[in-house]
>>> print(open('input30.csv').read())   # CSV, C-alpha atoms
chain,number,residue,atom,x,y,z
A,20,MET,CA,-12.6,6.1,-284.6
A,21,ARG,CA,-15.5,4.8,-282.6
A,22,ARG,CA,-18.9,5.7,-284.0
A,23,TYR,CA,-22.1,5.9,-281.9
A,24,ALA,CA,-25.7,5.3,-282.8
A,25,GLY,CA,-28.3,7.8,-281.9
A,26,ARG,CA,-31.9,7.0,-281.0
A,27,GLU,CA,-32.8,7.0,-284.6
A,28,GLY,CA,-29.8,4.7,-285.2
A,29,ALA,CA,-27.8,7.3,-287.1
A,30,ALA,CA,-24.0,7.0,-286.8
A,31,LEU,CA,-22.4,9.7,-284.6
A,32,SER,CA,-18.9,11.0,-284.3
A,33,PRO,CA,-17.0,10.8,-281.0
A,34,LEU,CA,-17.7,14.5,-280.4
A,35,GLN,CA,-21.3,14.1,-281.3
A,36,GLY,CA,-21.5,11.1,-278.9
A,37,ARG,CA,-20.2,13.2,-276.0
A,38,PHE,CA,-22.9,15.8,-276.7
A,39,TYR,CA,-25.5,13.1,-277.0
A,40,ARG,CA,-24.5,11.6,-273.7
A,41,ALA,CA,-24.5,15.0,-272.0
A,42,ALA,CA,-27.9,15.7,-273.4
A,43,ARG,CA,-29.2,12.4,-272.1
A,44,ARG,CA,-27.9,13.1,-268.6
A,45,LEU,CA,-29.5,16.6,-268.6
A,46,ALA,CA,-32.8,15.2,-269.8
A,47,GLY,CA,-32.7,12.5,-267.0
A,48,ARG,CA,-32.0,15.2,-264.4
A,49,GLU,CA,-34.9,17.3,-265.8
A,50,ARG,CA,-37.2,14.2,-265.5
A,51,LEU,CA,-36.1,13.7,-261.9
A,52,LEU,CA,-36.7,17.3,-261.1
A,53,ARG,CA,-40.1,17.2,-262.7
A,54,GLY,CA,-40.9,14.0,-260.8
A,55,GLY,CA,-39.7,15.5,-257.5
A,56,ALA,CA,-41.8,18.6,-258.0
A,57,LEU,CA,-44.8,16.5,-258.8
A,58,ALA,CA,-44.2,14.3,-255.7
A,59,GLY,CA,-43.7,17.4,-253.6
A,60,LEU,CA,-46.9,18.9,-254.9
A,61,LEU,CA,-48.7,15.6,-254.3
A,62,LEU,CA,-47.3,15.5,-250.7
A,63,LEU,CA,-48.4,19.1,-250.1
A,64,THR,CA,-51.9,18.3,-251.4
A,65,LEU,CA,-52.1,15.2,-249.3
A,66,ALA,CA,-51.0,17.2,-246.2
A,67,SER,CA,-53.5,19.9,-246.9
A,68,LEU,CA,-56.3,17.3,-247.3
A,69,GLY,CA,-55.2,15.7,-244.1
A,70,ALA,CA,-55.1,18.9,-242.2
A,71,ALA,CA,-58.6,19.7,-243.5
A,72,TRP,CA,-59.8,16.3,-242.6
A,73,TRP,CA,-58.4,16.6,-239.1
A,74,ALA,CA,-59.9,20.1,-238.8
A,75,SER,CA,-63.2,18.9,-240.0
A,76,ARG,CA,-63.1,16.0,-237.5
A,77,ALA,CA,-62.1,18.3,-234.7
A,78,GLU,CA,-65.0,20.6,-235.6
A,79,ALA,CA,-67.4,17.7,-235.7
A,80,LEU,CA,-66.2,16.5,-232.4
A,81,ALA,CA,-66.6,20.0,-230.9
A,82,GLU,CA,-70.1,20.2,-232.3
A,83,ARG,CA,-70.9,16.8,-230.8
A,84,GLN,CA,-69.5,17.9,-227.4
A,85,ARG,CA,-71.6,21.1,-227.6
A,86,LEU,CA,-74.7,19.1,-228.4
A,87,VAL,CA,-74.0,16.7,-225.5
A,88,ALA,CA,-73.6,19.7,-223.2
A,89,LEU,CA,-76.9,21.2,-224.5
A,90,ASP,CA,-78.7,17.9,-224.0
A,91,ALA,CA,-77.4,17.7,-220.4
A,92,ILE,CA,-78.5,21.2,-219.7
A,93,ALA,CA,-81.9,20.6,-221.3
A,94,GLN,CA,-82.4,17.5,-219.1
A,95,ARG,CA,-81.5,19.5,-216.0
A,96,THR,CA,-83.9,22.2,-217.1
A,97,TYR,CA,-86.9,20.3,-218.2
A,98,GLU,CA,-86.7,17.3,-216.0
A,99,THR,CA,-84.6,17.9,-212.8
A,100,VAL,CA,-85.6,21.6,-212.4
A,101,ASP,CA,-89.3,21.0,-213.2
A,102,LYS,CA,-89.4,18.1,-210.7
A,103,LEU,CA,-87.6,20.0,-208.0
A,104,ALA,CA,-90.1,22.9,-208.4
A,105,LYS,CA,-92.8,20.6,-207.1
A,106,VAL,CA,-90.9,19.7,-203.9
A,107,ALA,CA,-91.3,22.0,-200.9
A,108,GLY,CA,-88.1,23.6,-199.6
A,109,THR,CA,-86.0,23.3,-202.7
A,110,SER,CA,-86.2,26.8,-204.0
A,111,GLN,CA,-82.7,27.8,-203.0
A,112,VAL,CA,-81.1,24.7,-204.6
A,113,LEU,CA,-83.4,25.2,-207.6
A,114,GLY,CA,-82.3,28.8,-208.1
A,115,GLU,CA,-78.6,27.9,-207.9
A,116,LEU,CA,-79.0,25.0,-210.3
A,117,ILE,CA,-80.8,27.2,-212.8
A,118,GLN,CA,-78.2,29.9,-212.4
A,119,ASN,CA,-75.5,27.4,-213.1
A,120,ASN,CA,-77.4,26.4,-216.3
A,121,VAL,CA,-77.5,30.0,-217.4
A,122,GLU,CA,-73.7,30.4,-216.9
A,123,LEU,CA,-73.0,27.3,-219.0
A,124,LEU,CA,-75.3,28.5,-221.7
A,125,ASP,CA,-73.6,31.9,-221.7
A,126,ARG,CA,-70.3,30.2,-222.4
A,127,LEU,CA,-71.8,28.1,-225.2
A,128,LEU,CA,-73.3,31.2,-226.8
A,129,ALA,CA,-70.0,32.9,-226.6
A,130,LEU,CA,-68.7,30.2,-229.0
A,131,ASP,CA,-71.6,30.6,-231.4
A,132,PRO,CA,-73.8,33.7,-230.6
A,133,ALA,CA,-76.2,32.9,-233.5
A,134,ASP,CA,-77.2,29.4,-232.3
A,135,ALA,CA,-81.0,29.6,-231.8
A,136,ARG,CA,-81.2,26.4,-229.8
A,137,THR,CA,-78.8,27.5,-227.2
A,138,GLN,CA,-80.6,30.8,-226.9
A,139,ASP,CA,-83.9,29.0,-226.5
A,140,HIS,CA,-82.5,27.0,-223.6
A,141,ARG,CA,-81.0,30.2,-222.0
A,142,ILE,CA,-84.4,32.0,-222.2
A,143,ALA,CA,-86.2,29.0,-220.7
A,144,ASN,CA,-83.7,28.9,-217.8
A,145,LEU,CA,-83.9,32.6,-217.2
A,146,GLN,CA,-87.7,32.3,-217.0
A,147,ARG,CA,-87.3,29.5,-214.4
A,148,ALA,CA,-84.7,31.5,-212.5
A,149,ALA,CA,-87.0,34.5,-212.3
A,150,ASP,CA,-89.8,32.2,-210.8
A,151,ALA,CA,-87.4,30.7,-208.3
A,152,TRP,CA,-86.1,34.0,-207.0
A,153,MET,CA,-89.7,35.3,-206.7
A,154,GLN,CA,-90.6,32.2,-204.7
A,155,LEU,CA,-87.7,32.8,-202.4
A,156,GLY,CA,-88.7,36.5,-202.0
A,157,ASP,CA,-85.4,37.6,-203.5
A,158,THR,CA,-86.9,40.5,-205.5
A,159,GLY,CA,-83.5,42.0,-206.3
A,160,ARG,CA,-82.3,38.9,-208.1
A,161,ALA,CA,-85.7,38.3,-209.6
A,162,LYS,CA,-85.7,41.8,-211.1
A,163,GLU,CA,-82.1,41.5,-212.4
A,164,THR,CA,-83.0,38.2,-214.0
A,165,MET,CA,-86.2,39.6,-215.5
A,166,GLN,CA,-84.5,42.6,-216.9
A,167,ARG,CA,-81.9,40.5,-218.6
A,168,LEU,CA,-84.6,38.2,-220.0
A,169,LEU,CA,-86.5,41.2,-221.4
A,170,GLU,CA,-83.3,42.5,-223.0
A,171,ILE,CA,-82.6,39.2,-224.7
A,172,THR,CA,-86.2,38.5,-225.8
A,173,ARG,CA,-86.7,42.1,-227.0
A,174,GLY,CA,-83.6,41.9,-229.2
A,175,ARG,CA,-84.7,38.6,-230.6
A,176,ALA,CA,-88.2,39.8,-231.4
A,177,ALA,CA,-86.9,42.9,-233.1
A,178,ALA,CA,-84.5,40.9,-235.2
A,179,ASP,CA,-87.3,38.7,-236.6
A,180,PRO,CA,-90.8,40.2,-236.1
A,181,GLY,CA,-92.3,37.3,-238.1
A,182,ASN,CA,-91.0,34.7,-235.6
A,183,ARG,CA,-94.1,34.0,-233.4
A,184,GLU,CA,-92.3,32.0,-230.8
A,185,TRP,CA,-89.8,34.8,-230.3
A,186,GLN,CA,-92.7,37.3,-230.0
A,187,ARG,CA,-94.3,35.0,-227.4
A,188,ASP,CA,-91.0,34.9,-225.4
A,189,LEU,CA,-91.1,38.7,-225.3
A,190,SER,CA,-94.7,38.6,-224.0
A,191,VAL,CA,-93.6,36.2,-221.2
A,192,SER,CA,-90.8,38.7,-220.2
A,193,HIS,CA,-93.3,41.5,-219.9
A,194,GLU,CA,-95.7,39.4,-217.9
A,195,LYS,CA,-93.0,38.3,-215.4
A,196,LEU,CA,-92.0,41.9,-214.9
A,197,GLY,CA,-95.7,42.7,-214.3
A,198,ASP,CA,-95.9,40.0,-211.7
A,199,LEU,CA,-92.8,41.4,-209.9
A,200,ALA,CA,-94.2,44.9,-209.9
A,201,LEU,CA,-97.5,43.7,-208.5
A,202,ALA,CA,-95.7,41.8,-205.8
A,203,LEU,CA,-93.8,45.0,-204.9
A,204,GLY,CA,-97.1,47.0,-204.8
A,205,ASP,CA,-96.4,49.0,-208.0
A,206,THR,CA,-99.8,48.5,-209.7
A,207,ALA,CA,-99.1,51.2,-212.3
A,208,ALA,CA,-96.0,49.4,-213.5
A,209,ALA,CA,-97.7,46.0,-213.3
A,210,ARG,CA,-100.6,47.3,-215.5
A,211,GLU,CA,-98.2,48.7,-218.1
A,212,ALA,CA,-96.2,45.5,-218.3
A,213,TYR,CA,-99.4,43.4,-218.5
A,214,ARG,CA,-100.6,45.8,-221.3
A,215,GLN,CA,-97.5,45.2,-223.3
A,216,ALA,CA,-97.8,41.4,-222.9
A,217,LEU,CA,-101.5,41.6,-223.9
A,218,ALA,CA,-100.8,43.6,-227.0
A,219,ILE,CA,-98.4,40.9,-228.3
A,220,ARG,CA,-100.7,38.1,-227.4
A,221,GLU,CA,-103.7,39.7,-229.1
A,222,ARG,CA,-101.7,39.9,-232.3
A,223,LEU,CA,-100.6,36.3,-232.1
A,224,ALA,CA,-104.1,35.0,-231.3
A,225,ALA,CA,-105.6,37.0,-234.1
A,226,ALA,CA,-103.1,35.7,-236.6
A,227,ASP,CA,-103.8,32.0,-235.6
A,228,PRO,CA,-107.2,31.7,-233.8
A,229,GLY,CA,-106.9,28.0,-233.8
A,230,ASN,CA,-103.7,27.9,-231.8
A,231,GLY,CA,-104.5,26.7,-228.3
A,232,GLU,CA,-101.2,28.0,-226.9
A,233,TRP,CA,-101.8,31.5,-228.1
A,234,GLN,CA,-105.4,31.4,-226.7
A,235,HIS,CA,-104.2,30.2,-223.4
A,236,ASP,CA,-101.6,33.0,-223.2
A,237,LEU,CA,-104.4,35.5,-224.1
A,238,LEU,CA,-106.5,34.0,-221.2
A,239,ALA,CA,-103.6,34.5,-218.8
A,240,SER,CA,-103.1,38.1,-219.9
A,241,TYR,CA,-106.8,39.0,-219.5
A,242,PHE,CA,-106.8,37.4,-216.1
A,243,ARG,CA,-103.9,39.5,-214.9
A,244,ILE,CA,-105.4,42.7,-216.4
A,245,GLY,CA,-108.7,42.0,-214.8
A,246,GLY,CA,-107.1,41.4,-211.4
A,247,VAL,CA,-105.1,44.6,-211.5
A,248,ARG,CA,-108.0,46.7,-212.7
A,249,LEU,CA,-110.2,45.3,-209.9
A,250,ALA,CA,-107.5,46.1,-207.3
A,251,ALA,CA,-107.5,49.7,-208.7
A,252,GLY,CA,-111.3,50.0,-208.4
A,253,GLU,CA,-111.7,50.1,-212.2
A,254,THR,CA,-114.6,47.7,-212.2
A,255,ALA,CA,-115.9,48.4,-215.7
A,256,GLU,CA,-112.5,47.6,-217.2
A,257,ALA,CA,-112.1,44.7,-214.9
A,258,LEU,CA,-115.4,43.2,-216.0
A,259,GLU,CA,-114.5,43.6,-219.7
A,260,ALA,CA,-111.3,41.6,-219.1
A,261,ALA,CA,-113.1,39.0,-216.9
A,262,ASP,CA,-115.8,38.5,-219.5
A,263,LYS,CA,-113.1,37.8,-222.1
A,264,CYS,CA,-111.4,35.4,-219.6
A,265,VAL,CA,-114.5,33.4,-219.1
A,266,SER,CA,-115.2,33.3,-222.9
A,267,ILE,CA,-111.7,32.0,-223.8
A,268,ALA,CA,-111.6,29.6,-220.9
A,269,ARG,CA,-114.9,28.0,-221.9
A,270,ARG,CA,-113.8,27.6,-225.5
A,271,LEU,CA,-110.6,25.9,-224.4
A,272,ALA,CA,-112.5,23.6,-222.1
A,273,ASP,CA,-114.9,22.7,-224.9
A,274,ALA,CA,-112.0,21.9,-227.2
A,275,ASP,CA,-110.3,19.7,-224.5
A,276,PRO,CA,-113.0,18.5,-222.1
A,277,SER,CA,-110.9,15.7,-220.6
A,278,ASN,CA,-108.1,18.1,-219.4
A,279,PRO,CA,-108.6,18.9,-215.7
A,280,ARG,CA,-106.5,22.0,-216.2
A,281,ARG,CA,-109.2,23.5,-218.3
A,282,ALA,CA,-111.8,23.2,-215.6
A,283,THR,CA,-109.4,24.9,-213.1
A,284,GLU,CA,-108.8,27.8,-215.6
A,285,THR,CA,-112.5,28.2,-216.2
A,286,ALA,CA,-113.2,28.2,-212.4
A,287,ALA,CA,-110.6,30.9,-211.9
A,288,ALA,CA,-112.0,33.1,-214.6
A,289,LEU,CA,-115.5,32.7,-213.2
A,290,LYS,CA,-114.3,33.5,-209.7
A,291,LEU,CA,-112.6,36.6,-211.0
A,292,ARG,CA,-115.8,37.8,-212.7
A,293,GLY,CA,-117.7,37.0,-209.6
A,294,GLU,CA,-115.4,39.2,-207.6
A,295,VAL,CA,-115.9,42.0,-210.1
A,296,HIS,CA,-119.7,41.6,-209.8
A,297,ASP,CA,-119.3,41.5,-206.1
A,298,ALA,CA,-117.4,44.8,-206.1
A,299,GLN,CA,-120.0,46.4,-208.3
A,300,GLY,CA,-122.7,45.4,-205.8
A,301,HIS,CA,-124.3,42.7,-208.0
A,302,LEU,CA,-124.2,39.9,-205.4
A,303,ASP,CA,-126.7,37.8,-207.3
A,304,LEU,CA,-124.6,37.7,-210.4
A,305,ALA,CA,-121.5,37.1,-208.3
A,306,THR,CA,-123.2,34.2,-206.6
A,307,ASP,CA,-124.0,32.6,-209.9
A,308,ASP,CA,-120.3,32.8,-211.0
A,309,TYR,CA,-119.1,31.5,-207.6
A,310,ARG,CA,-121.5,28.6,-207.8
A,311,GLU,CA,-120.4,27.5,-211.2
A,312,ALA,CA,-116.7,27.9,-210.2
A,313,ALA,CA,-117.3,25.8,-207.1
A,314,LYS,CA,-119.0,23.1,-209.1
A,315,LEU,CA,-116.0,22.9,-211.5
A,316,THR,CA,-113.5,22.7,-208.7
A,317,PRO,CA,-115.1,21.1,-205.7
A,318,ASP,CA,-111.7,20.6,-203.9
A,319,ALA,CA,-110.7,24.3,-204.1
A,320,ALA,CA,-111.2,25.9,-200.7
A,321,ASP,CA,-111.2,29.5,-202.1
A,322,GLY,CA,-114.0,28.7,-204.5
A,323,GLN,CA,-116.2,26.9,-201.9
A,324,GLY,CA,-115.5,29.7,-199.4
A,325,ALA,CA,-116.4,32.5,-201.9
A,326,LEU,CA,-119.7,30.8,-202.6
A,327,GLY,CA,-120.5,30.2,-198.9
A,328,TRP,CA,-119.8,33.9,-198.1
A,329,ALA,CA,-121.9,35.2,-200.9
A,330,LEU,CA,-124.8,33.0,-199.8
A,331,ILE,CA,-124.5,34.2,-196.2
A,332,ARG,CA,-124.7,37.8,-197.4
A,333,LEU,CA,-127.8,36.9,-199.4
A,334,GLY,CA,-129.4,35.6,-196.2
A,335,ARG,CA,-129.4,32.0,-197.5
A,336,PHE,CA,-127.8,30.5,-194.4
A,337,ALA,CA,-128.9,26.9,-194.7
A,338,GLU,CA,-127.7,26.8,-198.4
A,339,ALA,CA,-124.4,28.4,-197.3
A,340,ARG,CA,-123.7,25.6,-194.8
A,341,ALA,CA,-122.4,23.0,-197.3
A,342,PRO,CA,-119.9,25.2,-199.2
A,343,ALA,CA,-118.8,26.7,-195.9
A,344,GLU,CA,-118.2,23.3,-194.4
A,345,GLN,CA,-116.3,22.2,-197.5
A,346,ALA,CA,-114.0,25.2,-197.4
A,347,HIS,CA,-113.3,24.7,-193.7
A,348,ARG,CA,-112.6,21.0,-194.3
A,349,LEU,CA,-110.2,21.7,-197.1
A,350,ALA,CA,-108.4,24.6,-195.3
A,351,PRO,CA,-109.1,24.2,-191.6
A,352,THR,CA,-106.5,26.8,-190.5
A,353,ASP,CA,-107.9,29.5,-192.8
A,354,VAL,CA,-109.6,32.0,-190.5
A,355,ASN,CA,-112.0,33.1,-193.2
A,356,TRP,CA,-113.6,29.7,-193.5
A,357,THR,CA,-113.6,28.9,-189.8
A,358,ILE,CA,-115.5,32.1,-189.1
A,359,ASN,CA,-117.9,31.7,-192.0
A,360,LEU,CA,-118.9,28.2,-190.9
A,361,GLY,CA,-119.7,29.7,-187.4
A,362,HIS,CA,-121.8,32.4,-189.2
A,363,THR,CA,-124.0,29.8,-190.9
A,364,TYR,CA,-125.0,28.4,-187.5
A,365,LEU,CA,-125.3,31.7,-185.6
A,366,LEU,CA,-127.5,33.3,-188.3
A,367,ALA,CA,-129.6,30.2,-188.6
A,368,GLY,CA,-130.4,30.6,-184.8
A,369,ASP,CA,-128.0,28.2,-183.3
A,370,PRO,CA,-125.3,30.3,-181.4
A,371,ALA,CA,-124.2,27.3,-179.4
A,372,ALA,CA,-123.2,25.4,-182.5
A,373,ALA,CA,-121.4,28.5,-183.8
A,374,ARG,CA,-119.3,29.1,-180.7
A,375,PRO,CA,-116.6,26.4,-181.2
A,376,TYR,CA,-115.8,27.8,-184.6
A,377,TYR,CA,-115.7,31.4,-183.3
A,378,ASP,CA,-113.4,30.3,-180.4
A,379,ALA,CA,-111.1,28.4,-182.8
A,380,SER,CA,-110.9,31.4,-185.1
A,381,ILE,CA,-109.5,33.6,-182.3
A,382,ALA,CA,-106.1,31.9,-182.5
A,383,GLN,CA,-106.1,32.2,-186.3
A,384,ILE,CA,-106.5,36.0,-186.4
A,385,PRO,CA,-103.1,37.5,-187.0
A,386,ASP,CA,-103.6,41.0,-185.6
A,387,ALA,CA,-106.0,43.7,-184.4
A,388,ALA,CA,-106.4,45.0,-188.0
A,389,ALA,CA,-107.4,41.6,-189.2
A,390,LEU,CA,-109.9,41.3,-186.4
A,391,ALA,CA,-111.4,44.7,-187.4
A,392,ARG,CA,-111.8,44.0,-191.1
A,393,GLY,CA,-112.8,40.4,-190.6
A,394,PRO,CA,-115.2,39.3,-187.8
A,395,VAL,CA,-115.9,42.8,-186.5
A,396,ALA,CA,-117.0,44.0,-190.0
A,397,ASP,CA,-119.0,40.8,-190.5
A,398,PHE,CA,-121.0,41.2,-187.3
A,399,GLU,CA,-121.6,44.9,-187.9
A,400,LEU,CA,-123.0,44.0,-191.3
A,401,PHE,CA,-125.3,41.4,-189.8
A,402,ILE,CA,-126.5,43.8,-187.1
A,403,ALA,CA,-127.1,46.5,-189.7
A,404,LYS,CA,-129.3,44.0,-191.6
A,405,GLY,CA,-131.2,43.1,-188.5
A,406,TRP,CA,-130.0,39.4,-188.5
A,407,GLN,CA,-129.8,37.8,-185.0
A,408,VAL,CA,-128.8,41.1,-183.5
A,409,LYS,CA,-128.5,40.0,-179.9
A,410,ALA,CA,-126.6,36.8,-180.7
A,411,CYS,CA,-124.3,38.8,-183.0
A,412,ARG,CA,-123.5,41.3,-180.3
A,413,ALA,CA,-122.8,38.6,-177.8
A,414,ALA,CA,-120.6,36.6,-180.2
A,415,LEU,CA,-118.6,39.8,-181.1
A,416,ALA,CA,-118.1,40.7,-177.5
A,417,ARG,CA,-116.8,37.2,-176.7
A,418,MET,CA,-114.5,37.3,-179.7
A,419,ARG,CA,-113.0,40.6,-178.7
A,420,GLU,CA,-112.4,39.4,-175.1
A,421,GLY,CA,-110.8,36.2,-176.3
A,422,PHE,CA,-108.6,38.1,-178.7
A,423,ALA,CA,-107.5,40.5,-175.9
A,424,ARG,CA,-106.6,37.6,-173.6
A,425,ARG,CA,-104.7,35.5,-176.0
A,426,ALA,CA,-101.0,35.4,-176.5
A,427,PRO,CA,-99.7,37.1,-179.7
A,428,ALA,CA,-100.4,34.8,-182.7
A,429,LYS,CA,-98.3,34.0,-185.7
A,430,PRO,CA,-99.7,35.3,-189.0
A,431,ALA,CA,-102.1,32.8,-190.5
A,432,GLY,CA,-103.7,34.5,-193.5
A,433,GLY,CA,-106.3,37.2,-194.1
A,434,ALA,CA,-109.4,37.5,-192.0
A,435,GLY,CA,-111.8,39.0,-194.4
A,436,PRO,CA,-113.4,36.7,-196.9
>>> encode(input="input30.csv", output="structure tokens")
Amino acid sequence: MRRYAGREGAALSPLQGRFYRAARRLAGRERLLRGGALAGLLLLTLASLGAAWWASRAEALAERQRLVALDAIAQRTYETVDKLAKVAGTSQVLGELIQNNVELLDRLLALDPADARTQDHRIANLQRAADAWMQLGDTGRAKETMQRLLEITRGRAAADPGNREWQRDLSVSHEKLGDLALALGDTAAAREAYRQALAIRERLAAADPGNGEWQHDLLASYFRIGGVRLAAGETAEALEAADKCVSIARRLADADPSNPRRATETAAALKLRGEVHDAQGHLDLATDDYREAAKLTPDAADGQGALGWALIRLGRFAEARAPAEQAHRLAPTDVNWTINLGHTYLLAGDPAAARPYYDASIAQIPDAAALARGPVADFELFIAKGWQVKACRAALARMREGFARRAPAKPAGGAGP
């Protein structure tokens, strides 16, 4: 009888040996099964990690692609578009390019509606699109764009009232709708839109008085409010807004004296206040504002022309000559300044020197209504004041005859200074 030794070296009978060998085989199989399970689990884990890695890599790639697209849109928005805006005759191409930007940004936002940067770019493009359609005279598309802009910015501002940039974006939306309403002749709607923009900007400026951007926005709002109040004949309210305009513009100019934009803004505010004083019958105060504005912007035809016309009405004809000549030099086809320069000669007693300017202005007067509210009204004012009555009547008769004989003229701007 064979005997077998176990693991402990004990002698086993043949029967025990068979059991022992069977047990060893079962144990081996169990170890194999356990090893296979572990290997399978390991493979599954590795596969999961690999899938996660690939998913992460794909997500990172998609994010990089999105950022590349955003950068490309930003470049088109803030470089190409802004450069094209300064080139005459590009408004149609500009509008289409901006519209394409907006469509691309809509698609990007559909992938991640909460992405603030993409939303910022979309708002910026919608603002530029509204400007482009307005410049083209496409008020329908301009209004549609502005309404969408207002909806987006209003939702954003409501979602985070403490975000000042988002509040500012909403104020810009109101302002643009006001500009559109004013262009369409709806002064009531313009006034309400400007009021809403102003309310936001007053809060922002009060919260951070040292912020130049908020102050500049406030200046723009007061300027628009002043203009629309003046157009409505509400001169007291217009003067209040114009005074605030001048005050803010001067503060900004003092803080940044080397910036030529500040001088232009101050001149515009002064000219607005001068126009309000003018409408109230305070021609001396108006002249002071016009004079300061003209000094700040010597190359602005409107500013020089306003000063010249004010001095003419004050009876200071010799003093009016220089700004009238400057206005005419800067804008020789503007009928206002052509006629005014003639006035400075006629009223100073030199009708012969005035005649070439009056004759040249005939071709610049667009229609009979412009003739009546421009030179006719001017000469009637001078005659009522007793200034060179005979020469004024002769010049007016000559101008009427010349206008009646001439061929129909193309519109060339307003006739009344």
>>> residues_around(input="input30.csv", residues="Arg210 in chain A", least_positions_apart="2", cutoff="12 Å", atoms="all atoms listed in the file", output="MDAnalysis selection string")
chainID A and resid 193:201 204:208 212:217 240:251 253 257
>>> closest_residue(input="input30.csv", among="A:Asp188, A:Thr363, A:Glu420, A:Ala379", to="Trp406 in chain A", atoms="all atoms listed in the file")
A:Thr363
>>> atom_distance(input="input30.csv", atom1="CA of Ala423 in chain A", atom2="CA of Pro394 in chain A")
14.2 Å
>>> residues_around(input="input30.csv", residues="range 116-121 of chain A", least_positions_apart="6", cutoff="7 Å", atoms="only C-alpha atoms", output="VMD selection string")
chain A and resid 92 141 144 to 145 148
>>> residues_around(input="input30.csv", residues="Arg270 in chain A", least_positions_apart="5", cutoff="12 Å", atoms="all atoms listed in the file", output="PyMOL selection string")
chain A and resi 228-231+234-235+238+263-265+275-276+281-282+284-285
>>> residues_near_point(input="input30.csv", point="(-118.6, 25.1, -209.1)", cutoff="12 Å", atoms="only C-alpha atoms", output="PyMOL selection string")
chain A and resi 282-283+285-290+293+306-327+342
>>> atom_distance(input="input30.csv", atom1="CA of Ile219 in chain A", atom2="CA of Arg175 in chain A")
14.1 Å
>>> closest_residue(input="input30.csv", among="A:Gln383, A:Leu223, A:Lys404, A:Leu349", to="Asn182 in chain A", atoms="only C-alpha atoms")
A:Leu223
>>> residues_around(input="input30.csv", residues="Pro351 in chain A", least_positions_apart="5", cutoff="12 Å", atoms="all atoms listed in the file", output="PyMOL selection string")
chain A and resi 320-321+324+343-346+356-360+376+379-380+383+431-432
>>> residues_around(input="input30.csv", residues="Tyr377 in chain A", least_positions_apart="6", cutoff="12 Å", atoms="all atoms listed in the file", output="count of residues only")
32
>>> atom_distance(input="input30.csv", atom1="CA of Trp152 in chain A", atom2="CA of Leu189 in chain A")
19.5 Å
>>> residues_near_point(input="input30.csv", point="(-86.4, 27.7, -212.9)", cutoff="12 Å", atoms="all atoms listed in the file", output="tab-separated table (two decimals) with C-alpha atoms, keeping the file's coordinate frame")
chain	number	residue	atom	x	y	z
A	93	ALA	CA	-81.90	20.60	-221.30
A	95	ARG	CA	-81.50	19.50	-216.00
A	96	THR	CA	-83.90	22.20	-217.10
A	97	TYR	CA	-86.90	20.30	-218.20
A	98	GLU	CA	-86.70	17.30	-216.00
A	99	THR	CA	-84.60	17.90	-212.80
A	100	VAL	CA	-85.60	21.60	-212.40
A	101	ASP	CA	-89.30	21.00	-213.20
A	102	LYS	CA	-89.40	18.10	-210.70
A	103	LEU	CA	-87.60	20.00	-208.00
A	104	ALA	CA	-90.10	22.90	-208.40
A	105	LYS	CA	-92.80	20.60	-207.10
A	109	THR	CA	-86.00	23.30	-202.70
A	110	SER	CA	-86.20	26.80	-204.00
A	111	GLN	CA	-82.70	27.80	-203.00
A	112	VAL	CA	-81.10	24.70	-204.60
A	113	LEU	CA	-83.40	25.20	-207.60
A	114	GLY	CA	-82.30	28.80	-208.10
A	115	GLU	CA	-78.60	27.90	-207.90
A	116	LEU	CA	-79.00	25.00	-210.30
A	117	ILE	CA	-80.80	27.20	-212.80
A	118	GLN	CA	-78.20	29.90	-212.40
A	119	ASN	CA	-75.50	27.40	-213.10
A	120	ASN	CA	-77.40	26.40	-216.30
A	121	VAL	CA	-77.50	30.00	-217.40
A	140	HIS	CA	-82.50	27.00	-223.60
A	141	ARG	CA	-81.00	30.20	-222.00
A	142	ILE	CA	-84.40	32.00	-222.20
A	143	ALA	CA	-86.20	29.00	-220.70
A	144	ASN	CA	-83.70	28.90	-217.80
A	145	LEU	CA	-83.90	32.60	-217.20
A	146	GLN	CA	-87.70	32.30	-217.00
A	147	ARG	CA	-87.30	29.50	-214.40
A	148	ALA	CA	-84.70	31.50	-212.50
A	149	ALA	CA	-87.00	34.50	-212.30
A	150	ASP	CA	-89.80	32.20	-210.80
A	151	ALA	CA	-87.40	30.70	-208.30
A	152	TRP	CA	-86.10	34.00	-207.00
A	153	MET	CA	-89.70	35.30	-206.70
A	154	GLN	CA	-90.60	32.20	-204.70
A	155	LEU	CA	-87.70	32.80	-202.40
A	161	ALA	CA	-85.70	38.30	-209.60
A	164	THR	CA	-83.00	38.20	-214.00
